[in-house]
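S.K.: I'd like to ask you about the structure that follows.
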Amino acid sequence: MNIIASIVLFKHSYKDIQPTLTALLTEERISLVVIVDNGGHCDWLNSFKNEKVEVIRTPVNHGFGAGHNAVFKKFHNTTEYFLICNPDVTFENGEVNALYAFSQRGNVGLAIPKVIYPDGSHQFACKLLPQPCQLFLRRFFIYFSPEMNHRYELRDADYGKEFFAPFLSGCFVLLSHEALMQTNGFDERFFLYMEDVDLSRRVCQSGLPVRYCPDAKVIHEAQSRSYRSLKFLYYHMKSAVRYFNK
């Protein structure tokens, strides 16, 4: 198999993920789409059938990273690449093929395409590794720290060319089999948030290339729930403390 795409769900309806699923199923290089039903709440999967889709049900929701790890563990010897995909990402046909070709040419361990919002504006999904003060200021005092945020989000990078960034957002990334073997996937101590920072950092440490790919583009809704929910803010803060302690 060239690529296995992995989507982790928690109480999502079919309508929630239909655009993402449709986009994945039309990609030539994606051999299989694996849906992880974290906690077993998606009853619509009982009647959903597609020869290109496999479902993994976990009885307990152990988080985003653990969900993707379930796919890695089951299929780690059967594919060249894993596509980690959020259920709120859509794209035109051929974008994954372009990302795959880019990764193959450069033996890239972790790659991300250009990511935009639904309104077409740029989403800065390539960043520096965060420092504690950066995360704190971005979350609570972003209007008082525009220059710091500008540097952290690599806003001066040339997005028409490929480049290295030490942190790639986990919303839509292509992870090579070799990178998976080097890192063993996500650290499951992160229930939600910071697991993509940690994975990017460890792929960098493995010596494999980590790159932004200018040849492909996806649309990410980016719900930013930690800005709207105290529960998700708690998850974010807890993961940040755990990451910096690590």
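Scheme for the structure tokens: letters A, B, ... for chains in order shown; per-chain residue numbers from 1; ligand numbers from 1 in order shown.
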May I have the residues within 12 Å of Lys74 (chain A) as a PyMOL selection string, using only C-alpha atoms and disregarding those fewer than 5 positions away in the same chain?
M.R.: chain A and resi 4+6+34+36+54-56+67-69+79+82
S.K.: Could you list, as a PyMOL selection string, every residue within 6 Å of Thr58 (chain A), counting only C-alpha atoms and ignoring same-chain residues fewer than 2 positions away?
M.R.: chain A and resi 38-39+60
S.K.: Would you pick out the contacts of Asp187 (chain A) at 9 Å or less, using only C-alpha atoms, so that residues sharing its chain but fewer than 5 positions from it are not included, and give the list as a list in words?
M.R.: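 Contacts, in chain order: Gly65, Ala66, Asn69, Glu195, Asp198 and Leu199 of chain A.
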S.K.: Would you mind listing what lies within 9 Å of region 126-135 of chain A as a list in words, with only C-alpha atoms counted and same-chain residues fewer than 3 positions away left out?
M.R.: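 In the requested format, the answer is Ile112, Gln123, Arg138, Arg139, Phe140, Ser145, Met148, Asn149, Arg151, Tyr152, Glu153, Leu154, Arg155, Phe164, Ala165, Pro166, Phe167, Leu168, Ser169, Val197, Ser200, Arg201, Tyr212, Ala240, Val241 and Phe244 of chain A.
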S.K.: Can you work out the spacing between CA of Arg242 (chain A) and CA of Ile116 (chain A) in Å, to one decimal?
M.R.: 29.2 Å
S.K.: Got a sec to tell me which of chain A DSSP assigns to strand (DSSP E), as a PyMOL selection string?
M.R.: chain A and resi 3-9+30-38+53-58+81-85+89-90+110-116+122-123+126-127+163-164+167-168+172-176+210-220
S.K.: Find the residue from A:Pro113, A:Ile219, A:Glu188, A:Cys204 that sits nearest to Tyr243 (chain A); use only C-alpha atoms when measuring.
M.R.: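 Distance minimum relative to Tyr243 (chain A) lands on A:Glu188.
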S.K.: Rounded to one decimal place, report the CA of Ala179 (chain A)-CA of Leu24 (chain A) distance in Å.
M.R.: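 For CA of Ala179 (chain A) relative to CA of Leu24 (chain A), the distance reads 22.0 Å.
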S.K.: Grab the CA of Thr90 (chain A) to CA of Thr20 (chain A) distance for me, in Å with one decimal place.
M.R.: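 According to the coordinates, CA of Thr90 (chain A) and CA of Thr20 (chain A) are separated by 5.0 Å.
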S.K.: Please return as a list of chain:residue names: the residues of region 31-107 of chain A that backbone DSSP assigns to alpha helix (DSSP H).
M.R.: A:Phe64, A:Gly65, A:Ala66, A:Gly67, A:His68, A:Asn69, A:Ala70, A:Val71, A:Phe72, A:Lys73, A:Lys74, A:Phe75, A:Glu95, A:Val96, A:Asn97, A:Ala98, A:Leu99, A:Tyr100, A:Ala101, A:Phe102, A:Ser103, A:Gln104, A:Arg105, A:Gly106
S.K.: How would the residues just chosen look if you wrote them out with N, CA, C and O atoms as a compact mmCIF listing (two decimals), in the first residue's frame?
M.R.:
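What landed in again-v5.txt:
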# COMPACT_ATOMS: atom_id res chain seq x y z
N PHE A 64 -6.57 11.67 21.04
CA PHE A 64 -6.25 11.79 19.62
C PHE A 64 -5.06 10.92 19.22
O PHE A 64 -5.13 10.13 18.28
N GLY A 65 -3.96 11.05 19.95
CA GLY A 65 -2.76 10.30 19.61
C GLY A 65 -2.95 8.81 19.75
O GLY A 65 -2.50 8.03 18.90
N ALA A 66 -3.61 8.39 20.82
CA ALA A 66 -3.86 6.96 21.03
C ALA A 66 -4.72 6.38 19.92
O ALA A 66 -4.52 5.24 19.49
N GLY A 67 -5.68 7.17 19.43
CA GLY A 67 -6.52 6.71 18.33
C GLY A 67 -5.70 6.44 17.08
O GLY A 67 -5.85 5.39 16.44
N HIS A 68 -4.84 7.38 16.71
CA HIS A 68 -3.99 7.17 15.54
C HIS A 68 -2.99 6.04 15.76
O HIS A 68 -2.68 5.27 14.84
N ASN A 69 -2.50 5.91 16.98
CA ASN A 69 -1.57 4.82 17.28
C ASN A 69 -2.20 3.45 17.07
O ASN A 69 -1.52 2.49 16.71
N ALA A 70 -3.51 3.35 17.30
CA ALA A 70 -4.19 2.08 17.05
C ALA A 70 -4.08 1.68 15.58
O ALA A 70 -3.95 0.49 15.25
N VAL A 71 -4.13 2.67 14.71
CA VAL A 71 -3.97 2.40 13.27
C VAL A 71 -2.52 2.04 12.97
O VAL A 71 -2.23 1.08 12.24
N PHE A 72 -1.58 2.79 13.53
CA PHE A 72 -0.16 2.51 13.30
C PHE A 72 0.19 1.08 13.71
O PHE A 72 0.91 0.37 13.00
N LYS A 73 -0.30 0.68 14.87
CA LYS A 73 0.05 -0.65 15.39
C LYS A 73 -0.50 -1.77 14.51
O LYS A 73 0.14 -2.80 14.31
N LYS A 74 -1.69 -1.56 13.97
CA LYS A 74 -2.32 -2.61 13.18
C LYS A 74 -1.73 -2.71 11.78
O LYS A 74 -1.63 -3.81 11.22
N PHE A 75 -1.28 -1.58 11.22
CA PHE A 75 -0.88 -1.57 9.81
C PHE A 75 0.57 -1.14 9.58
O PHE A 75 0.94 -0.82 8.45
N GLU A 95 -4.46 16.28 -4.43
CA GLU A 95 -3.59 16.96 -3.46
C GLU A 95 -2.76 15.97 -2.65
O GLU A 95 -1.58 16.22 -2.38
N VAL A 96 -3.34 14.86 -2.27
CA VAL A 96 -2.57 13.84 -1.53
C VAL A 96 -1.52 13.21 -2.43
O VAL A 96 -0.40 12.94 -2.00
N ASN A 97 -1.87 12.99 -3.69
CA ASN A 97 -0.89 12.46 -4.64
C ASN A 97 0.33 13.37 -4.73
O ASN A 97 1.48 12.90 -4.80
N ALA A 98 0.08 14.68 -4.75
CA ALA A 98 1.19 15.64 -4.83
C ALA A 98 2.04 15.61 -3.57
O ALA A 98 3.28 15.67 -3.64
N LEU A 99 1.41 15.50 -2.41
CA LEU A 99 2.14 15.42 -1.15
C LEU A 99 2.96 14.13 -1.08
O LEU A 99 4.11 14.13 -0.60
N TYR A 100 2.40 13.06 -1.59
CA TYR A 100 3.10 11.77 -1.62
C TYR A 100 4.34 11.84 -2.51
O TYR A 100 5.43 11.40 -2.12
N ALA A 101 4.18 12.41 -3.71
CA ALA A 101 5.31 12.52 -4.64
C ALA A 101 6.42 13.38 -4.04
O ALA A 101 7.61 13.07 -4.17
N PHE A 102 6.05 14.47 -3.39
CA PHE A 102 7.02 15.34 -2.73
C PHE A 102 7.78 14.58 -1.65
O PHE A 102 9.01 14.68 -1.55
N SER A 103 7.08 13.82 -0.83
CA SER A 103 7.71 13.08 0.26
C SER A 103 8.64 11.99 -0.26
O SER A 103 9.72 11.76 0.30
N GLN A 104 8.23 11.34 -1.33
CA GLN A 104 9.08 10.30 -1.92
C GLN A 104 10.38 10.87 -2.49
O GLN A 104 11.45 10.30 -2.30
N ARG A 105 10.27 11.99 -3.18
CA ARG A 105 11.46 12.60 -3.81
C ARG A 105 12.52 12.94 -2.78
O ARG A 105 13.71 12.76 -3.01
N GLY A 106 12.09 13.44 -1.63
CA GLY A 106 13.06 13.89 -0.63
C GLY A 106 13.23 12.94 0.54
O GLY A 106 13.88 13.31 1.52
S.K.: Excluding Pro214 (chain A) and residues on its chain fewer than 6 positions from it, collect all residues at most 6 Å away from it, counting only C-alpha atoms, and give them as an mmCIF file with N, CA and C atoms, in the first residue's frame.
M.R.:
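Output contents, as saved in part-v4.cif:
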data_model
loop_
_atom_site.group_PDB
_atom_site.id
_atom_site.type_symbol
_atom_site.label_atom_id
_atom_site.label_comp_id
_atom_site.auth_asym_id
_atom_site.auth_seq_id
_atom_site.Cartn_x
_atom_site.Cartn_y
_atom_site.Cartn_z
ATOM 1 N N GLY A 160 5.832 29.624 -1.137
ATOM 2 C CA GLY A 160 5.886 29.139 -2.503
ATOM 3 C C GLY A 160 7.006 28.137 -2.707
ATOM 4 N N LYS A 161 7.812 27.923 -1.651
ATOM 5 C CA LYS A 161 8.949 27.003 -1.716
ATOM 6 C C LYS A 161 8.897 26.048 -0.525
ATOM 7 N N GLU A 162 9.551 24.905 -0.679
ATOM 8 C CA GLU A 162 9.623 23.991 0.456
ATOM 9 C C GLU A 162 10.580 24.543 1.503
#
S.K.: Determine, counting only C-alpha atoms, which protein, DNA and RNA residues have an atom within 7 Å of an atom of His236 (chain A); residues of the same chain fewer than 2 positions away are not included. Present the result as a compact mmCIF listing (two decimals) with all heavy atoms, in the first residue's frame.
M.R.:
# COMPACT_ATOMS: atom_id res chain seq x y z
N LEU A 192 -4.96 15.28 24.45
CA LEU A 192 -5.37 16.19 23.40
C LEU A 192 -4.47 17.43 23.50
O LEU A 192 -4.23 17.92 24.60
CB LEU A 192 -6.84 16.58 23.57
CG LEU A 192 -7.51 17.34 22.43
CD1 LEU A 192 -7.57 16.48 21.17
CD2 LEU A 192 -8.94 17.74 22.83
N TYR A 193 -3.99 17.89 22.35
CA TYR A 193 -3.08 19.04 22.24
C TYR A 193 -1.63 18.65 22.58
O TYR A 193 -1.39 17.81 23.45
CB TYR A 193 -3.51 20.21 23.13
CG TYR A 193 -4.88 20.75 22.82
CD1 TYR A 193 -5.92 20.58 23.74
CD2 TYR A 193 -5.15 21.40 21.63
CE1 TYR A 193 -7.20 21.06 23.47
CE2 TYR A 193 -6.42 21.88 21.34
CZ TYR A 193 -7.44 21.71 22.26
OH TYR A 193 -8.69 22.17 21.99
N SER A 226 -10.18 25.20 22.33
CA SER A 226 -9.65 25.65 23.62
C SER A 226 -9.87 27.14 23.83
O SER A 226 -9.68 27.65 24.94
CB SER A 226 -8.16 25.31 23.73
OG SER A 226 -7.39 26.10 22.85
N PHE A 232 -11.74 22.30 27.16
CA PHE A 232 -10.64 22.12 26.22
C PHE A 232 -9.45 23.01 26.55
O PHE A 232 -8.31 22.65 26.26
CB PHE A 232 -11.14 22.35 24.79
CG PHE A 232 -11.96 21.21 24.27
CD1 PHE A 232 -13.34 21.25 24.35
CD2 PHE A 232 -11.36 20.10 23.73
CE1 PHE A 232 -14.11 20.18 23.90
CE2 PHE A 232 -12.11 19.02 23.27
CZ PHE A 232 -13.49 19.06 23.35
N LEU A 233 -9.71 24.16 27.17
CA LEU A 233 -8.60 24.98 27.66
C LEU A 233 -7.83 24.20 28.73
O LEU A 233 -6.59 24.23 28.76
CB LEU A 233 -9.14 26.29 28.23
CG LEU A 233 -8.10 27.19 28.92
CD1 LEU A 233 -7.00 27.59 27.96
CD2 LEU A 233 -8.78 28.42 29.51
N TYR A 234 -8.55 23.50 29.59
CA TYR A 234 -7.90 22.67 30.61
C TYR A 234 -7.04 21.59 29.96
O TYR A 234 -5.89 21.37 30.37
CB TYR A 234 -8.95 22.04 31.52
CG TYR A 234 -8.42 20.94 32.39
CD1 TYR A 234 -7.64 21.22 33.52
CD2 TYR A 234 -8.67 19.59 32.08
CE1 TYR A 234 -7.14 20.20 34.32
CE2 TYR A 234 -8.17 18.58 32.87
CZ TYR A 234 -7.41 18.88 33.99
OH TYR A 234 -6.91 17.87 34.76
N LYS A 238 -3.02 21.39 30.46
CA LYS A 238 -2.46 20.17 31.04
C LYS A 238 -1.43 19.55 30.12
O LYS A 238 -0.35 19.12 30.56
CB LYS A 238 -3.60 19.17 31.31
CG LYS A 238 -3.15 17.89 31.98
CD LYS A 238 -4.33 16.98 32.26
CE LYS A 238 -3.88 15.68 32.93
NZ LYS A 238 -5.03 14.78 33.21
N SER A 239 -1.73 19.51 28.82
CA SER A 239 -0.78 18.95 27.85
C SER A 239 0.47 19.80 27.73
O SER A 239 1.58 19.27 27.56
CB SER A 239 -1.44 18.80 26.48
OG SER A 239 -2.42 17.79 26.50
N ALA A 240 0.30 21.13 27.81
CA ALA A 240 1.46 22.02 27.74
C ALA A 240 2.41 21.77 28.91
O ALA A 240 3.63 21.69 28.73
CB ALA A 240 1.00 23.46 27.70
S.K.: I'd like the contact shell of Leu32 (chain A) - 7 Å cut-off, only C-alpha atoms, skipping same-chain residues fewer than 6 positions apart - returned as a list in words.
M.R.: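 These residues fall inside the cut-off: Ile4, Ala5, Lys52 and Val53 of chain A.
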S.K.: Could you check the closest approach to Arg57 (chain A) for each of A:Cys85, A:Asp119, A:Glu92, A:Ile7 and tell me which residue wins, using only C-alpha atoms?
M.R.: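 Among the listed residues, the smallest separation from Arg57 (chain A) belongs to A:Ile7.
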